[in-house]
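> The following block contains the structure, expressed as structure tokens.
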Amino acid sequence: MATPPPEPLSPEKKGDEEARELLYEAYNELQRLAAELGGAAVPAPAVVVVGHQTDGKSALVEALMGFQFNHVGGGTKTRRPIALHLRFNPSCHSPNCRLLAGSGEGDAEDDTGAADCAMPLADIQAYIEAENKRLENDPSQFSAKEIIIRIEYKHCPNLTIIDTPGLILAAPGRKNRVLQSQACAVEALVRAKIQHKETIILCLEDCSDWSNATTRRVVMQVDPDLARTVLVSTKLDTKIPQFARASDVEVFLHPPTCVLDGSLLGDSPFFTSVPSGRVGSCHEAVFRSNEDFKKAISLRELDDVTSLEDKLGRSLTREEKNRMGVSNLRLFLEELLQNRYIESVPSIIPLLEKEHRAASRKLRKVTQEISDLNEAKLKEKARLFHDSFLTKLSLLLKGMVVAPPDKFGETLINERVNGGTFTGSENFQLPNKMMPNAGMRLYGGAQYHRAMAEFRLVVGSIKCPPITREEIVNACGVEDIHDGTNYSRTACVIAVAKARDTFEPFLHQLSFRLLYILKRLSPISVFLLEKDAEHFSSHDVLVKRVQAAFDKFAESTEQSCRERCMEDLESTTRYVTWSLHNKNRAGLRHFLDSFVAPEQYAHTVHSSGPHEQSSGLNDNKQDRPKGDLRSIHPSDSNPSSVASETRLVDLLDSTLWNRRLAPSSERLVYALVHQIFHGIKEHFLVTTELKFNCFLLMPIVDKLAALLREDLESAFEDDLDGIFNATQLRHSLGQTKRELEVELKRIKRLKEKFGEINKKLNSLQVR
């Protein structure tokens with residue numbers, strides 16, 4: 001007997017079906033447009049399947065689809081999310097699969113050669129298994145990039161399902177650290193996939209007691225009320241035999257509100273079973289075709305209902321039967337997803353209006369830029385950019401807060417890493433806590449001032465390096481007219497040598513640091529111009545030329561300033577001027593007075609033996625007249641004058657005539673060296689700061705503008721086209737204009753299509 005033909009659809013149902021098909025098609029086109037434009041894809045309603053390993057996620061997805069495609073089994077079989085765009089097509093008697101562009105990881109799609117084209121189901125299966133195997137050997141183990149597959153089939157529902165990697169319950173202990181890290185990675189990936197408000201979460205629990213919230217623990221971190229979560233208990237056929245009493249089955253089918261509250265999407269859980277076994281022609285295959293697999297699913301649903309009724313001793317109600325089996329779950333999800341699509345249509349139309357306005361604005365701007373590609377307009381743009389660049393540069397030095405400190409500011413630690421530290425010969429570095437504003441992220445004039453303050457603090461805290469006795473003796477040398485010692489010259493020789501070695505490195509370090517800070521002004525100024533819409537992004541050659549000219553000017557100015565400071569340091573350490581170098585005369589005078597103090601002289605006379613008084617390389621006392629020194633001035637019989645003259649002779653004997661380095665001579669040289677070193681340090685600090693301010697900072701204020709303008713004008717005469725790259729720019733702007741025109745047409749078409757869908761759906765609701 002012939003099978004009667006199917007009843008024709010009523011006009012209402014036919015119009016409803018056409019509207020939904022048109023809606024799916026429009027959403028697909030909208031997603032493709034968003035992907036091509038590089039923007040964020042419009043969130044489309046989708047079902048994200050979440051569960052632990054061996055919860056039966058992939059098997060349930062295959063049952064919902066009506067055919068098998070993935071590798072199902074124990075352990076981790078899904079290592080990349082698989083996005084399945086399912087479409088019901090009664091004319092497709094076998095799955096029509098297409099791997100979409102963007103599915104590949106790196107160049108994986110190029111290796112398959114099948115990106116965005118039709119592929120046999122076997123090739124899809126091989127591709128997924130190859131990707132899982134590749135990631136199994138990869139250090140990351142998992143990837144968040146989706147494998148996107150579009151499938152049309154007569155048994156497919158109209159759904160978008162995303163199968164995620166299975167959650168892992170890793171054992172504690174250090175030996176399981178690898179598995180623990182993988183568990184954290186998978187959990188983070190899953191949370192990222194279910195965080196969008198448009199997604200419907202299909203939460204799988206493989207347990208017979210709803211108090212064990214293994215998968216819900218992760219899901220409720222994103223959806224705490226389970227308001228967009230459909231709860232599914234998998235492997236029902238294995239759980240039914242575990243219940244000993246009918247009351248246990250009742251609690252399982254109707255969880256108490258203390259365990260599952262009423263806000264759950266669908267009000268109560270679904271219960272499913274998927275028959276084990278694979279489809280194929282090999283001896284291991286259980287099902288010979290997808291039709292057999294589909295029939296086995298239907299038979300399993302009937303068996304589950306029968307087993308439950310036997311356990312309960314009663315028939316299941318209609319509401320209970322609607323929660324049993326894959327087919328009821330599929331109908332529920334399909335209807336739920338269709339409603340989400342319909343509800344989102346009114347919000348898509350304003351979004352398309354906004355995109356249309358933005359694309360129109362870009363097109364007008366590009367058209368204007370093309371019309372401005374003539375010599376006069378280009379020169380005007382260059383001069384405008386020149387003036388704006390200098391304005392922003394000046395504002396940065398004077399101080400401003402427009403540029404974000406988290407992007408352009410630097411703490412003192414970062415500044416030292418990038419611009420160098422102030423470190424002397426002993427590698428002393430000032431602690432950060434001693435520097436004001438060390439932890440603040442500064443730029444521009446504020447950063448310049450902090451660097452100069454650190455220089456003053458570091459150099460000002462430097463003390464004279466230690467002086468050895470060998471250095472003093474070597475510095476004495478031999479005079480050209482006598483062989484006596486000149487300890488003032490000795491002190492000068494030592495002081496200027498140590499000052500030069502100490503302060504010259506700081507001069508180079510300061511120069512490098514300030515040049516680094518000034519060079520940072522250029523990219524910040526360009527950012528400010530972009531923010532104020534004063535920067536023409538299409539004229540990158542001009543921007544780079546101005547930046548290069550500024551960097552060159554800063555480098556030459558820094559070199560000139562450093563040379564001036566080196567001249568000062570050389571002059572200060574080449575010739576000692578006592579009025580300049582001996583700043584603390586009172587301290588030195590107090591020190592020298594101790595050499596002729598009566599108490600010290602008396603102590604020296606009583607404590608010195610004949611050998612000490614007669615020793616010395618230039619001691620010629622035996623050749624002196626035997627008469628007392630008073631014979632030189634016979635008229636001077638004043639005892640105090642005699643004592644003074646005696647002390648003077650003793651001082652000369654210990655400093656000028658005697659080359660044996662006595663403690664008093666060592667202290668004298670030490671005091672003089674410290675005084676000269678201190679004077680050089682003060683002079684170095686003052687002149688260096690003054691010269692860097694006058695000859696490095698000020699030229700940027702009063703000389704940079706003229707130099708940049710001169711460089712720009714000379715460039716106009718030499719190669720105006722080269723500055724703006726006008727030929728290539730005209731070509732790229734023309735290409736951009738054509739792309740924007742195509743984009744506008746597509747957005748307009750989508751806007752009209754969604755408007756038509758909205759009208760059709762509204763008319764169906766009125767009926």
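In the structure tokens, chains take letters A, B, ... by order of appearance, with residues numbered from 1 within each chain and ligands from 1 in the order shown.
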Based on the backbone DSSP call, show me all residues of stretch 116-246 of chain A assigned strand (DSSP E), as a list in words.
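Answer for stretch 116-246 of chain A restricted to strand (DSSP E) is Cys117, Ala118, Met119, Ile147, Ile148, Ile149, Arg150, Ile151, Glu152, Tyr153, Leu159, Thr160, Ile161, Ile162, Asp163, Thr199, Ile200, Ile201, Leu202, Cys203, Leu204, Glu205, Thr229, Val230, Leu231, Val232 and Ser233 of chain A.
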> When you look at A:Leu744 with a cut-off of 12 Å (counting only C-alpha atoms), what residues show up, excluding the ones that are within fewer than 6 positions of it in the same chain? I need them as a list of chain:residue names.
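Residues near the query, excluding close chain neighbours: A:Leu33, A:Leu37, A:Leu352, A:Glu353, A:Lys354, A:Glu355, A:His356, A:Arg357, A:Ala358, A:Ala359, A:Ser360, A:Arg361, A:Lys362, A:Leu363, A:Arg364, A:Lys737, A:Arg738, A:Leu750, A:Lys751.
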> A:Glu752, A:Glu479, A:Glu504, A:Glu743: which is nearest A:Leu685, counting only C-alpha atoms?
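Of the candidates, the smallest distance to A:Leu685 is held by A:Glu504.
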> Using only C-alpha atoms, find the one residue out of A:Asp237, A:Glu198, A:Asp540, A:Glu689 that sits nearest to A:Asp568.
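For A:Asp568, the nearest of the given residues is A:Glu689.
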